[in-house]
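**Q** File follows, data-v1.csv with CSV, C-alpha atoms:
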chain,number,residue,atom,x,y,z
D,1,MET,CA,169.1,-121.7,-84.5
D,2,SER,CA,172.2,-120.4,-86.2
D,3,PHE,CA,171.6,-118.4,-89.3
D,4,ASP,CA,172.7,-119.8,-92.7
D,5,PRO,CA,172.0,-117.6,-95.7
D,6,GLU,CA,171.8,-120.7,-97.9
D,7,THR,CA,168.5,-121.7,-96.1
D,8,LEU,CA,166.7,-118.7,-97.5
D,9,THR,CA,164.5,-118.9,-100.6
D,10,TYR,CA,166.0,-117.3,-103.7
D,11,ASP,CA,164.5,-116.6,-107.1
D,12,LYS,CA,165.9,-118.4,-110.2
D,13,ALA,CA,168.7,-115.8,-110.4
D,14,GLY,CA,169.7,-116.6,-106.8
D,15,LEU,CA,168.4,-113.3,-105.5
D,16,ILE,CA,166.2,-112.2,-102.6
D,17,PRO,CA,164.6,-108.8,-102.2
D,18,CYS,CA,165.8,-106.7,-99.3
D,19,ILE,CA,163.9,-103.7,-98.0
D,20,ALA,CA,165.9,-101.0,-96.3
D,21,GLN,CA,164.1,-99.1,-93.5
D,22,GLU,CA,165.6,-96.2,-91.6
D,23,VAL,CA,165.9,-96.7,-87.9
D,24,GLY,CA,164.3,-93.8,-86.0
D,25,THR,CA,162.2,-92.4,-88.7
D,26,GLY,CA,160.8,-95.7,-89.9
D,27,GLU,CA,161.0,-94.4,-93.4
D,28,VAL,CA,161.3,-97.1,-96.1
D,29,LEU,CA,164.3,-96.0,-98.1
D,30,MET,CA,164.6,-98.5,-101.0
D,31,MET,CA,164.4,-102.1,-102.1
D,32,ALA,CA,167.3,-103.9,-103.7
D,33,TRP,CA,168.5,-107.4,-104.3
D,34,MET,CA,170.9,-109.6,-102.4
D,35,ASN,CA,172.4,-113.1,-103.0
D,36,ALA,CA,173.8,-115.3,-100.3
D,37,ALA,CA,177.3,-113.9,-100.7
D,38,SER,CA,176.1,-110.3,-100.3
D,39,ILE,CA,174.1,-111.2,-97.2
D,40,ARG,CA,177.2,-112.7,-95.7
D,41,ARG,CA,179.3,-109.7,-96.7
D,42,THR,CA,176.6,-107.4,-95.2
D,43,LEU,CA,176.7,-109.3,-91.9
D,44,GLU,CA,180.5,-109.4,-91.8
D,45,THR,CA,181.1,-105.7,-92.6
D,46,GLY,CA,178.0,-104.1,-91.1
D,47,ARG,CA,177.5,-102.2,-94.3
D,48,MET,CA,174.6,-102.9,-96.6
D,49,THR,CA,176.0,-104.8,-99.6
D,50,TYR,CA,173.5,-105.6,-102.3
D,51,TRP,CA,173.9,-107.5,-105.6
D,52,SER,CA,173.7,-105.2,-108.7
D,53,ARG,CA,171.7,-107.0,-111.3
D,54,SER,CA,172.8,-104.6,-114.0
D,55,ARG,CA,176.5,-104.9,-113.2
D,56,GLY,CA,176.4,-108.5,-112.0
D,57,ALA,CA,178.6,-107.5,-109.0
D,58,PHE,CA,178.5,-106.6,-105.4
D,59,TRP,CA,177.0,-103.2,-104.7
D,60,ALA,CA,178.4,-101.9,-101.5
D,61,LYS,CA,175.9,-99.1,-101.0
D,62,GLY,CA,177.6,-95.7,-100.8
D,63,GLU,CA,181.0,-97.0,-101.9
D,64,THR,CA,181.4,-94.2,-104.4
D,65,SER,CA,178.8,-91.7,-103.2
D,66,GLY,CA,179.6,-91.9,-99.5
D,67,HIS,CA,175.9,-92.5,-98.9
D,68,VAL,CA,176.5,-95.6,-96.9
D,69,GLN,CA,173.9,-97.7,-95.0
D,70,THR,CA,175.0,-99.2,-91.7
D,71,LEU,CA,173.1,-102.4,-90.8
D,72,VAL,CA,171.4,-102.2,-87.4
D,73,GLU,CA,169.3,-105.3,-87.6
D,74,LEU,CA,168.4,-107.9,-90.3
D,75,ARG,CA,164.9,-109.5,-90.4
D,76,ILE,CA,163.6,-112.5,-92.3
D,77,ASP,CA,160.0,-112.9,-93.3
D,78,CYS,CA,157.8,-115.9,-92.7
D,79,ASP,CA,158.3,-117.4,-96.2
D,80,ARG,CA,162.1,-116.8,-96.0
D,81,ASP,CA,161.9,-115.1,-99.4
D,82,CYS,CA,162.2,-111.4,-98.4
D,83,LEU,CA,164.5,-109.5,-96.0
D,84,LEU,CA,164.0,-106.3,-94.0
D,85,ALA,CA,167.1,-104.4,-92.9
D,86,PHE,CA,166.9,-101.7,-90.3
D,87,VAL,CA,169.6,-99.3,-91.3
D,88,GLU,CA,171.3,-96.0,-90.5
D,89,GLN,CA,171.5,-93.9,-93.7
D,90,VAL,CA,174.1,-91.3,-94.5
D,91,GLY,CA,172.7,-88.7,-96.9
D,92,PRO,CA,170.1,-89.7,-99.5
D,93,ALA,CA,169.4,-93.4,-100.2
D,94,CYS,CA,168.2,-92.7,-103.7
D,95,HIS,CA,170.5,-92.0,-106.6
D,96,THR,CA,168.3,-89.0,-107.5
D,97,GLY,CA,169.5,-87.3,-104.3
D,98,ARG,CA,166.2,-87.9,-102.5
D,99,LYS,CA,166.1,-89.4,-99.0
D,100,SER,CA,164.0,-92.4,-100.3
D,101,CYS,CA,163.4,-94.0,-103.6
D,102,PHE,CA,159.6,-93.9,-103.0
D,103,TYR,CA,159.1,-90.2,-103.9
D,104,THR,CA,156.3,-90.6,-106.4
D,105,SER,CA,152.8,-90.9,-105.1
D,106,VAL,CA,149.6,-91.9,-106.9
D,107,ARG,CA,146.9,-89.4,-106.0
D,108,ASP,CA,143.5,-89.2,-107.7
D,109,GLY,CA,144.8,-91.3,-110.6
D,110,ALA,CA,147.9,-89.0,-111.1
D,111,GLU,CA,151.6,-89.3,-110.3
D,112,VAL,CA,152.8,-86.6,-108.0
D,113,GLU,CA,156.3,-86.1,-106.7
D,114,VAL,CA,156.1,-85.7,-102.9
D,115,MET,CA,159.8,-85.4,-102.0
D,116,ALA,CA,162.5,-83.0,-103.2
D,117,PRO,CA,166.2,-83.9,-103.5
D,118,MET,CA,168.1,-83.3,-100.3
D,119,GLY,CA,169.9,-79.9,-100.1
N,1,MET,CA,150.9,-87.1,-115.2
N,2,SER,CA,148.1,-89.6,-115.0
N,3,PHE,CA,149.1,-92.9,-113.6
N,4,ASP,CA,149.0,-96.0,-115.9
N,5,PRO,CA,150.0,-99.3,-114.3
N,6,GLU,CA,151.3,-100.5,-117.7
N,7,THR,CA,154.1,-98.0,-117.5
N,8,LEU,CA,155.7,-99.7,-114.5
N,9,THR,CA,158.5,-102.2,-114.9
N,10,TYR,CA,157.5,-105.8,-114.3
N,11,ASP,CA,159.6,-109.0,-114.1
N,12,LYS,CA,159.3,-111.8,-116.7
N,13,ALA,CA,156.2,-113.1,-114.9
N,14,GLY,CA,154.5,-109.7,-115.2
N,15,LEU,CA,154.9,-109.0,-111.5
N,16,ILE,CA,156.2,-106.2,-109.3
N,17,PRO,CA,156.9,-106.4,-105.6
N,18,CYS,CA,154.8,-104.3,-103.2
N,19,ILE,CA,155.8,-103.5,-99.7
N,20,ALA,CA,153.0,-102.9,-97.2
N,21,GLN,CA,153.8,-100.4,-94.4
N,22,GLU,CA,151.3,-99.6,-91.7
N,23,VAL,CA,150.3,-96.0,-91.4
N,24,GLY,CA,150.8,-94.6,-87.9
N,25,THR,CA,153.3,-97.2,-86.6
N,26,GLY,CA,155.5,-97.2,-89.7
N,27,GLU,CA,155.8,-101.0,-89.3
N,28,VAL,CA,156.7,-102.9,-92.4
N,29,LEU,CA,154.1,-105.7,-92.5
N,30,MET,CA,154.8,-107.8,-95.5
N,31,MET,CA,156.0,-107.8,-99.1
N,32,ALA,CA,153.9,-109.5,-101.8
N,33,TRP,CA,153.5,-109.3,-105.6
N,34,MET,CA,151.2,-107.5,-107.9
N,35,ASN,CA,150.5,-107.4,-111.6
N,36,ALA,CA,149.0,-104.5,-113.5
N,37,ALA,CA,145.4,-105.9,-113.0
N,38,SER,CA,145.8,-106.2,-109.3
N,39,ILE,CA,147.2,-102.7,-109.0
N,40,ARG,CA,144.1,-101.4,-110.9
N,41,ARG,CA,141.9,-103.5,-108.6
N,42,THR,CA,143.6,-102.2,-105.5
N,43,LEU,CA,143.2,-98.6,-106.6
N,44,GLU,CA,139.5,-99.1,-107.6
N,45,THR,CA,138.5,-101.0,-104.4
N,46,GLY,CA,140.8,-99.3,-101.9
N,47,ARG,CA,141.6,-102.8,-100.6
N,48,MET,CA,145.1,-104.3,-101.1
N,49,THR,CA,144.8,-106.9,-103.8
N,50,TYR,CA,147.9,-108.9,-104.6
N,51,TRP,CA,148.6,-111.6,-107.2
N,52,SER,CA,149.1,-115.0,-105.7
N,53,ARG,CA,152.0,-116.7,-107.4
N,54,SER,CA,151.0,-120.1,-106.0
N,55,ARG,CA,147.4,-119.9,-106.9
N,56,GLY,CA,147.8,-117.8,-110.1
N,57,ALA,CA,144.9,-115.7,-109.0
N,58,PHE,CA,144.0,-112.4,-107.4
N,59,TRP,CA,144.7,-112.4,-103.7
N,60,ALA,CA,142.3,-109.9,-102.0
N,61,LYS,CA,144.2,-109.7,-98.7
N,62,GLY,CA,141.9,-110.7,-95.8
N,63,GLU,CA,139.1,-111.9,-98.1
N,64,THR,CA,138.8,-115.1,-96.1
N,65,SER,CA,140.6,-114.2,-92.8
N,66,GLY,CA,139.0,-110.8,-92.4
N,67,HIS,CA,142.5,-109.3,-92.0
N,68,VAL,CA,142.0,-106.7,-94.7
N,69,GLN,CA,144.4,-104.0,-95.7
N,70,THR,CA,143.0,-100.6,-96.7
N,71,LEU,CA,145.1,-98.6,-99.0
N,72,VAL,CA,145.9,-95.1,-97.8
N,73,GLU,CA,148.6,-94.2,-100.3
N,74,LEU,CA,150.5,-95.9,-103.1
N,75,ARG,CA,154.1,-94.9,-103.9
N,76,ILE,CA,156.3,-95.8,-106.8
N,77,ASP,CA,160.1,-96.0,-106.6
N,78,CYS,CA,162.6,-94.3,-108.8
N,79,ASP,CA,163.2,-97.3,-111.1
N,80,ARG,CA,159.4,-97.9,-111.3
N,81,ASP,CA,160.0,-101.6,-110.4
N,82,CYS,CA,158.9,-101.6,-106.8
N,83,LEU,CA,155.8,-100.3,-105.0
N,84,LEU,CA,155.3,-99.1,-101.4
N,85,ALA,CA,151.7,-99.1,-100.0
N,86,PHE,CA,150.8,-97.2,-96.9
N,87,VAL,CA,147.9,-99.3,-95.4
N,88,GLU,CA,145.6,-99.7,-92.5
N,89,GLN,CA,145.7,-103.2,-91.3
N,90,VAL,CA,142.9,-105.1,-89.5
N,91,GLY,CA,144.4,-107.8,-87.2
N,92,PRO,CA,147.6,-109.6,-88.1
N,93,ALA,CA,149.1,-109.2,-91.6
N,94,CYS,CA,151.0,-112.5,-91.4
N,95,HIS,CA,149.3,-115.8,-91.9
N,96,THR,CA,151.1,-117.0,-88.8
N,97,GLY,CA,149.0,-114.6,-86.7
N,98,ARG,CA,151.8,-112.2,-86.2
N,99,LYS,CA,151.4,-108.5,-86.8
N,100,SER,CA,154.2,-108.5,-89.4
N,101,CYS,CA,155.8,-111.2,-91.5
N,102,PHE,CA,159.2,-110.0,-90.5
N,103,TYR,CA,159.3,-111.6,-87.0
N,104,THR,CA,162.6,-113.4,-87.3
N,105,SER,CA,165.7,-111.4,-86.5
N,106,VAL,CA,169.3,-112.4,-87.1
N,107,ARG,CA,171.3,-111.7,-83.9
N,108,ASP,CA,174.9,-112.7,-83.3
N,109,GLY,CA,174.7,-115.2,-86.1
N,110,ALA,CA,171.5,-116.8,-84.9
N,111,GLU,CA,167.8,-116.6,-85.8
N,112,VAL,CA,165.6,-115.3,-83.0
N,113,GLU,CA,161.8,-114.9,-83.1
N,114,VAL,CA,161.1,-111.4,-81.9
N,115,MET,CA,157.3,-111.2,-82.2
N,116,ALA,CA,154.5,-113.4,-80.8
N,117,PRO,CA,151.3,-114.1,-82.6
N,118,MET,CA,148.6,-111.6,-81.7
N,119,GLY,CA,146.3,-112.6,-78.9
As structure tokens, how would this structure be written, given the file I've shared?
**A**
Amino acid sequence: MSFDPETLTYDKAGLIPCIAQEVGTGEVLMMAWMNAASIRRTLETGRMTYWSRSRGAFWAKGETSGHVQTLVELRIDCDRDCLLAFVEQVGPACHTGRKSCFYTSVRDGAEVEVMAPMG
Amino acid sequence: MSFDPETLTYDKAGLIPCIAQEVGTGEVLMMAWMNAASIRRTLETGRMTYWSRSRGAFWAKGETSGHVQTLVELRIDCDRDCLLAFVEQVGPACHTGRKSCFYTSVRDGAEVEVMAPMG
């Protein structure tokens, strides 16, 4: 079956969440949003291109920082309302300089930072 | 800093996406939604408890199927608007009987099923 981004299920804003997971390490790097156009652009360019909700514009990951994500494989979930992208990540994925955005852990009822910014 | 679920950022429906990743394999199993009450219940019980948008009720994962998810560690992302749960999964996570909900891959412009239901 040929893939048509229009057949996915989007929220009222026309967006679908996309989880970026690093190939090799399996580390979950971040979650961001895509619309149909950014999915097409991601598949065409091979570079993860999200939709920035704050800017209302394409967000070609790493465009300014150089911390690009190359798409290795795109997966769709059973409900067709969430995407999982296997990616190769240059540098940190998080804008704080950390490898992953998920650097805060809940331990014994407290928040603990478990990841330092990359050197 | 003590963890208060109320300090997270929820959407207009009071929900936050939660990614479930299997400990050990690193496999991303599913993404589902939580509200503050289901986060509290998950932390208290040690069992992943989502919020079912279709039923408008708690969804204690595996309650009827037996395919429970035990919480190992909960992570919060930099924007505090997405959760990552490291879990131990009994049986398949997907309602289709597959280990993960992300069993459809986009390859050369086509959708391909890359995972069979568990035996």
**Q** Env of Ala37 in chain N: 10 Å cut, atoms = all atoms listed in the file, seq-sep filter 4 positions within chain, self excluded. Answer as a count of residues only.
**A** 9
**Q** Of the candidates D:Thr25, D:Asn35, D:Thr7, D:Gln69, which one gets nearest to chain N if we count only C-alpha atoms?
**A**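 The answer is D:Thr25, which sits nearest to chain N.
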**Q** Could you list the residues in chain D lying within 8 Å of chain N, using all atoms listed in the file, and format the result as a count of residues only?
**A** 29
**Q** Between N:Met115, N:Thr45, N:Trp33, N:Val68, which has the minimum distance to Tyr10 in chain N (counting all atoms listed in the file)?
**A** N:Trp33
**Q** Skipping near chain neighbours, those fewer than 6 positions away, what residues fall within 10 Å of Met48 in chain N using all atoms listed in the file, listed as a PyMOL selection string?
**A** chain N and resi 18+20+34+38-39+41-42+59-62+68-72+85+87-89
**Q** May I ask for the distance between CA of Gly91 in chain N and CA of His67 in chain N, given in Å to one decimal place?
**A**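 We find that CA of Gly91 in chain N and CA of His67 in chain N lie 5.4 Å from each other.
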**Q** Please indicate the distance in Å from CA of Lys99 in chain N to CA of Gly56 in chain N, rounded to one decimal place.
**A**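 So the two atoms, CA of Lys99 in chain N and CA of Gly56 in chain N, lie 25.3 Å apart.
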